[in-house]
Amino acid sequence: MRKPLRAAVSVLAALGCCCAQESRATIIGRVMDPTGAVILGANVGAVNVASNTRAVSATNENGNYEIPYLLPGIYRVTVEMAGFKKAVRDGIELRVADRMTLDFTLELGNVAESVVVTGETPLLESATASISMIMDERRISELPIVGGNPFYLARLSPVVLSSGGRSAGNPMDQGAATGIIVNGTRSESSEAMLDGMPNMSQRNTVFSPPQDLVQEFKIHAATFDASLGHAAGAVTNVSMKSGTNALHGSGYGFDSRIRAVPWFTNRFIYDVRTGPITEEKKKRALEGWRHQRWGATLSGPVVLPRLFDGRSGTFWTFGYEGLYIMRNLGFTGTVPTAEQGRGDFSGLLALGSRYQIYDPATIQPEARGTLP
């Protein structure tokens, strides 16, 4: 019996070292009557319009309620209490790690009657101290993303600068979310999360999900909230898509033959190993440029005929992405002239007294600028 107990204690100790930020949303608020008095025991429910999943809560003695662990999406929030009309708010959009405040004032009447308010999502999230920018599903799917890596969209935030820019933007680009400068902080001072769990290895991102599997993400540019205090820069939290009651899928393919070859790759004129580039060499080099990416996604409810019907409760999501990259890389550099290659640096001395030539063997000045 000691070994299982020791193993359980070890697992619990390891969990204590884990840190996470809740990526799901929370709705909080207060329910009052027309006089402003709080209502105890009112039933509050939130229904995800896409999946029809429902979460419920009840008001306490102070009239407050809280509905946590809600996936990003569009919700219908209802409040019911005997002696009052049913209150309904439609079109409430919850985003990654939102903590939204929704207060209700119930009207006297029969519970069978309803008061419906549509499209009243608060624009200001006043329940937390963080300042953030949301990239929703539409922008993620429609904006051009380098190599399909959604973390590159973080660079569209007003306070974010990129310290890179030379990468192909493929999913293995580990600096897409961390190689940014936020509010003047140093590069690689940011963190990345995936569904609220750390997505980091030392100072780099571990995994970038395919573009079509991302529901949305939030970049916290000012991490004042206590739950975000691990990084000096930004925290980027990506929320993956979950299934709904209907089947959804996508397929895609991108080929470099329909995109332009980078300007410097097309214009390089010198190879440090073999000398000047001939037109034949350039042609072969450009034919060797390939950047191909393809994939598919699919999601829906878990349904096992005659055994289990998971609609409105249990869902699955699948995604696959393939990548093939072949390219010729070049650089712009300063190389010695033919005379300097023979040890004649006298041309530098002719430029003025700010140049001095030293013999590397004796560390003595060489007035003529010529070394054997």
# chains A, B, ... in the order shown; residues from 1 in each chain; ligands from 1
>>> residues_around(residues="Gly91 (chain A)", least_positions_apart="3", cutoff="12 Å", atoms="only C-alpha atoms", output="PyMOL selection string")
chain A and resi 46-50+73-78+88+94+116-122
>>> write_last_selection(atoms="C-alpha atoms", output="compact mmCIF listing (two decimals), in the first residue's frame")
# COMPACT_ATOMS: atom_id res chain seq x y z
CA ALA A 46 -26.33 30.61 -19.92
CA VAL A 47 -26.86 28.62 -23.13
CA ASN A 48 -24.22 28.36 -25.88
CA VAL A 49 -26.16 29.02 -29.09
CA ALA A 50 -23.91 26.83 -31.27
CA GLY A 73 -18.99 31.85 -28.26
CA ILE A 74 -22.43 33.46 -28.48
CA TYR A 75 -24.71 32.93 -25.46
CA ARG A 76 -28.30 33.46 -24.37
CA VAL A 77 -28.55 34.39 -20.68
CA THR A 78 -31.87 33.98 -18.81
CA VAL A 88 -33.56 37.13 -21.47
CA LEU A 94 -17.97 35.68 -24.63
CA VAL A 116 -35.96 39.98 -24.17
CA VAL A 117 -32.98 42.25 -24.84
CA THR A 118 -30.84 41.51 -27.92
CA GLY A 119 -27.24 42.44 -28.73
CA GLU A 120 -26.14 44.11 -25.53
CA THR A 121 -22.62 42.77 -25.06
CA PRO A 122 -20.68 45.19 -22.85
>>> residues_around(residues="Pro68 (chain A)", least_positions_apart="5", cutoff="7 Å", atoms="only C-alpha atoms", output="VMD selection string")
chain A and resid 25 to 27
>>> select_by_dssp(residues="region 15-258 of chain A", states="strand (DSSP E or B)", output="ChimeraX atom specification")
/A:25-32,38,43-48,54-58,64-70,73-80,84,86-94,99-101,104-105,108,114-118,131-135,160-162,180-182,191-194,197-198,200-201,204-205,214-222,235-240,248-254
>>> residues_around(residues="Tyr152 (chain A)", least_positions_apart="4", cutoff="9 Å", atoms="only C-alpha atoms", output="list in words")
Ile145, Val146, Gly148, Leu156, Gly169, Ala176 and Ala177 of chain A
>>> write_last_selection(atoms="C-alpha atoms", output="PDB file, in the first residue's frame")
ATOM      1  CA  ILE A 145      -1.284  34.925 -42.005  1.00  0.00           C
ATOM      2  CA  VAL A 146       2.348  34.172 -42.805  1.00  0.00           C
ATOM      3  CA  GLY A 148      -0.729  29.893 -41.379  1.00  0.00           C
ATOM      4  CA  LEU A 156      -1.378  43.720 -35.169  1.00  0.00           C
ATOM      5  CA  GLY A 169       6.000  31.757 -40.597  1.00  0.00           C
ATOM      6  CA  ALA A 176       6.123  33.935 -33.339  1.00  0.00           C
ATOM      7  CA  ALA A 177       4.412  34.723 -30.014  1.00  0.00           C
TER       8      ALA A 177
END
>>> atom_distance(atom1="CA of Ile134 (chain A)", atom2="CA of Tyr252 (chain A)")
24.5 Å
>>> residues_around(residues="Ala246 (chain A)", least_positions_apart="2", cutoff="7 Å", atoms="only C-alpha atoms", output="list in words")
Thr244, His248 and Gly300 of chain A
>>> write_last_selection(atoms="all heavy atoms", output="short mmCIF file (atom, residue, chain, number, x, y, z; two decimals), in the first residue's frame")
data_model
loop_
_atom_site.label_atom_id
_atom_site.label_comp_id
_atom_site.auth_asym_id
_atom_site.auth_seq_id
_atom_site.Cartn_x
_atom_site.Cartn_y
_atom_site.Cartn_z
N THR A 244 -19.62 21.35 -32.27
CA THR A 244 -20.99 21.79 -32.05
C THR A 244 -21.94 20.66 -32.44
O THR A 244 -21.50 19.56 -32.79
CB THR A 244 -21.30 23.04 -32.88
OG1 THR A 244 -21.20 22.72 -34.28
CG2 THR A 244 -20.32 24.17 -32.57
N HIS A 248 -18.86 20.32 -38.86
CA HIS A 248 -18.16 21.42 -39.52
C HIS A 248 -16.80 20.91 -39.96
O HIS A 248 -16.17 20.12 -39.26
CB HIS A 248 -17.98 22.60 -38.57
CG HIS A 248 -19.26 23.29 -38.20
ND1 HIS A 248 -19.87 24.23 -39.00
CD2 HIS A 248 -20.06 23.16 -37.11
CE1 HIS A 248 -20.97 24.66 -38.43
NE2 HIS A 248 -21.12 24.03 -37.27
N GLY A 300 -17.64 17.82 -34.60
CA GLY A 300 -19.06 17.50 -34.48
C GLY A 300 -19.37 16.86 -33.15
O GLY A 300 -18.50 16.74 -32.27
#
>>> closest_residue(among="A:Gly147, A:Gly352, A:Ala232, A:Gln202", to="His291 (chain A)", atoms="only C-alpha atoms")
A:Gly147
>>> residues_around(residues="region 189-192 of chain A", least_positions_apart="4", cutoff="7 Å", atoms="only C-alpha atoms", output="list in words")
Ala177, Thr178, Thr185, Pro198, Asn199, Met200, Thr205, Ala231, Ala232, Gly233, Ala234, Val235, Thr236 and Asn237 of chain A
>>> atom_distance(atom1="CA of Phe217 (chain A)", atom2="CA of Glu137 (chain A)")
8.5 Å
>>> residues_around(residues="Leu106 (chain A)", least_positions_apart="6", cutoff="7 Å", atoms="only C-alpha atoms", output="ChimeraX atom specification")
/A:32-34,84-85,87
>>> closest_residue(among="A:Ile67, A:Ile325, A:Ile181, A:Leu348", to="Arg155 (chain A)", atoms="only C-alpha atoms")
A:Ile181
>>> atom_distance(atom1="CA of Ser201 (chain A)", atom2="CA of Met240 (chain A)")
19.7 Å
>>> closest_residue(among="A:Trp316, A:Phe151, A:Phe254, A:Phe104", to="Ser299 (chain A)", atoms="only C-alpha atoms")
A:Trp316
>>> closest_residue(among="A:Pro372, A:Gly251, A:Pro305, A:Pro360", to="Phe318 (chain A)", atoms="only C-alpha atoms")
A:Gly251
>>> closest_residue(among="A:Asp344, A:Ala42, A:Phe207, A:Ala350", to="Leu371 (chain A)", atoms="only C-alpha atoms")
A:Asp344
>>> decode(residues="region 178-218 of chain A", atoms="N, CA and C atoms", output="compact mmCIF listing (two decimals), in the first residue's frame")
# COMPACT_ATOMS: atom_id res chain seq x y z
N THR A 178 6.58 34.97 -28.91
CA THR A 178 7.46 35.49 -27.86
C THR A 178 8.50 36.46 -28.39
N GLY A 179 8.80 36.41 -29.69
CA GLY A 179 9.80 37.30 -30.25
C GLY A 179 9.23 38.66 -30.61
N ILE A 180 8.51 39.26 -29.68
CA ILE A 180 7.88 40.56 -29.90
C ILE A 180 8.27 41.51 -28.77
N ILE A 181 8.16 42.79 -29.04
CA ILE A 181 8.45 43.83 -28.06
C ILE A 181 7.12 44.48 -27.69
N VAL A 182 6.76 44.44 -26.42
CA VAL A 182 5.47 44.93 -25.96
C VAL A 182 5.69 46.04 -24.93
N ASN A 183 5.14 47.21 -25.24
CA ASN A 183 5.23 48.36 -24.32
C ASN A 183 6.68 48.64 -23.91
N GLY A 184 7.62 48.41 -24.82
CA GLY A 184 9.01 48.72 -24.54
C GLY A 184 9.77 47.64 -23.81
N THR A 185 9.14 46.50 -23.50
CA THR A 185 9.86 45.42 -22.83
C THR A 185 10.80 44.73 -23.81
N ARG A 186 11.71 43.95 -23.28
CA ARG A 186 12.67 43.25 -24.13
C ARG A 186 12.00 42.12 -24.89
N SER A 187 12.57 41.78 -26.04
CA SER A 187 12.09 40.63 -26.79
C SER A 187 12.23 39.36 -25.95
N GLU A 188 11.34 38.40 -26.21
CA GLU A 188 11.28 37.12 -25.48
C GLU A 188 10.92 37.32 -24.01
N SER A 189 10.17 38.39 -23.72
CA SER A 189 9.66 38.60 -22.36
C SER A 189 8.18 38.28 -22.29
N SER A 190 7.62 37.70 -23.35
CA SER A 190 6.19 37.39 -23.40
C SER A 190 5.96 35.89 -23.23
N GLU A 191 4.70 35.52 -23.02
CA GLU A 191 4.32 34.12 -22.84
C GLU A 191 3.18 33.76 -23.79
N ALA A 192 3.05 32.46 -24.05
CA ALA A 192 1.97 31.94 -24.89
C ALA A 192 1.24 30.85 -24.12
N MET A 193 -0.09 30.85 -24.24
CA MET A 193 -0.94 29.85 -23.60
C MET A 193 -1.78 29.15 -24.67
N LEU A 194 -2.14 27.90 -24.41
CA LEU A 194 -3.02 27.14 -25.29
C LEU A 194 -4.14 26.58 -24.43
N ASP A 195 -5.35 27.12 -24.62
CA ASP A 195 -6.50 26.77 -23.78
C ASP A 195 -6.18 26.92 -22.30
N GLY A 196 -5.44 27.98 -21.97
CA GLY A 196 -5.14 28.28 -20.58
C GLY A 196 -3.93 27.61 -20.00
N MET A 197 -3.33 26.66 -20.72
CA MET A 197 -2.15 25.95 -20.22
C MET A 197 -0.89 26.54 -20.85
N PRO A 198 0.23 26.53 -20.12
CA PRO A 198 1.48 27.08 -20.67
C PRO A 198 1.88 26.37 -21.96
N ASN A 199 2.25 27.14 -22.95
CA ASN A 199 2.67 26.63 -24.26
C ASN A 199 4.09 27.10 -24.53
N MET A 200 4.96 26.88 -23.52
CA MET A 200 6.30 27.44 -23.56
C MET A 200 7.36 26.38 -23.28
N SER A 201 8.51 26.56 -23.90
CA SER A 201 9.72 25.81 -23.58
C SER A 201 10.83 26.84 -23.44
N GLN A 202 11.25 27.06 -22.19
CA GLN A 202 12.16 28.16 -21.89
C GLN A 202 11.52 29.47 -22.34
N ARG A 203 12.05 30.14 -23.37
CA ARG A 203 11.49 31.42 -23.79
C ARG A 203 10.80 31.36 -25.14
N ASN A 204 10.49 30.17 -25.64
CA ASN A 204 9.89 30.03 -26.96
C ASN A 204 8.58 29.26 -26.89
N THR A 205 7.77 29.44 -27.94
CA THR A 205 6.52 28.72 -28.06
C THR A 205 6.78 27.27 -28.45
N VAL A 206 6.02 26.35 -27.87
CA VAL A 206 6.19 24.93 -28.16
C VAL A 206 5.40 24.52 -29.40
N PHE A 207 4.14 24.94 -29.48
CA PHE A 207 3.25 24.42 -30.53
C PHE A 207 2.35 25.54 -31.04
N SER A 208 2.20 25.60 -32.36
CA SER A 208 1.27 26.53 -32.97
C SER A 208 0.20 25.73 -33.69
N PRO A 209 -1.06 25.82 -33.26
CA PRO A 209 -2.11 25.00 -33.89
C PRO A 209 -2.42 25.49 -35.29
N PRO A 210 -2.96 24.63 -36.15
CA PRO A 210 -3.36 25.08 -37.49
C PRO A 210 -4.37 26.22 -37.40
N GLN A 211 -4.30 27.09 -38.37
CA GLN A 211 -5.15 28.29 -38.38
C GLN A 211 -6.63 27.94 -38.28
N ASP A 212 -7.08 26.90 -38.95
CA ASP A 212 -8.50 26.56 -38.98
C ASP A 212 -8.98 25.88 -37.70
N LEU A 213 -8.08 25.56 -36.77
CA LEU A 213 -8.49 24.96 -35.50
C LEU A 213 -8.57 25.98 -34.37
N VAL A 214 -8.32 27.24 -34.66
CA VAL A 214 -8.31 28.27 -33.62
C VAL A 214 -9.66 28.98 -33.60
N GLN A 215 -10.31 28.99 -32.44
CA GLN A 215 -11.56 29.73 -32.27
C GLN A 215 -11.28 31.22 -32.20
N GLU A 216 -10.38 31.61 -31.33
CA GLU A 216 -9.94 32.99 -31.21
C GLU A 216 -8.77 33.03 -30.23
N PHE A 217 -8.13 34.18 -30.17
CA PHE A 217 -7.12 34.33 -29.12
C PHE A 217 -7.10 35.77 -28.64
N LYS A 218 -6.60 35.91 -27.44
CA LYS A 218 -6.53 37.22 -26.79
C LYS A 218 -5.09 37.49 -26.43
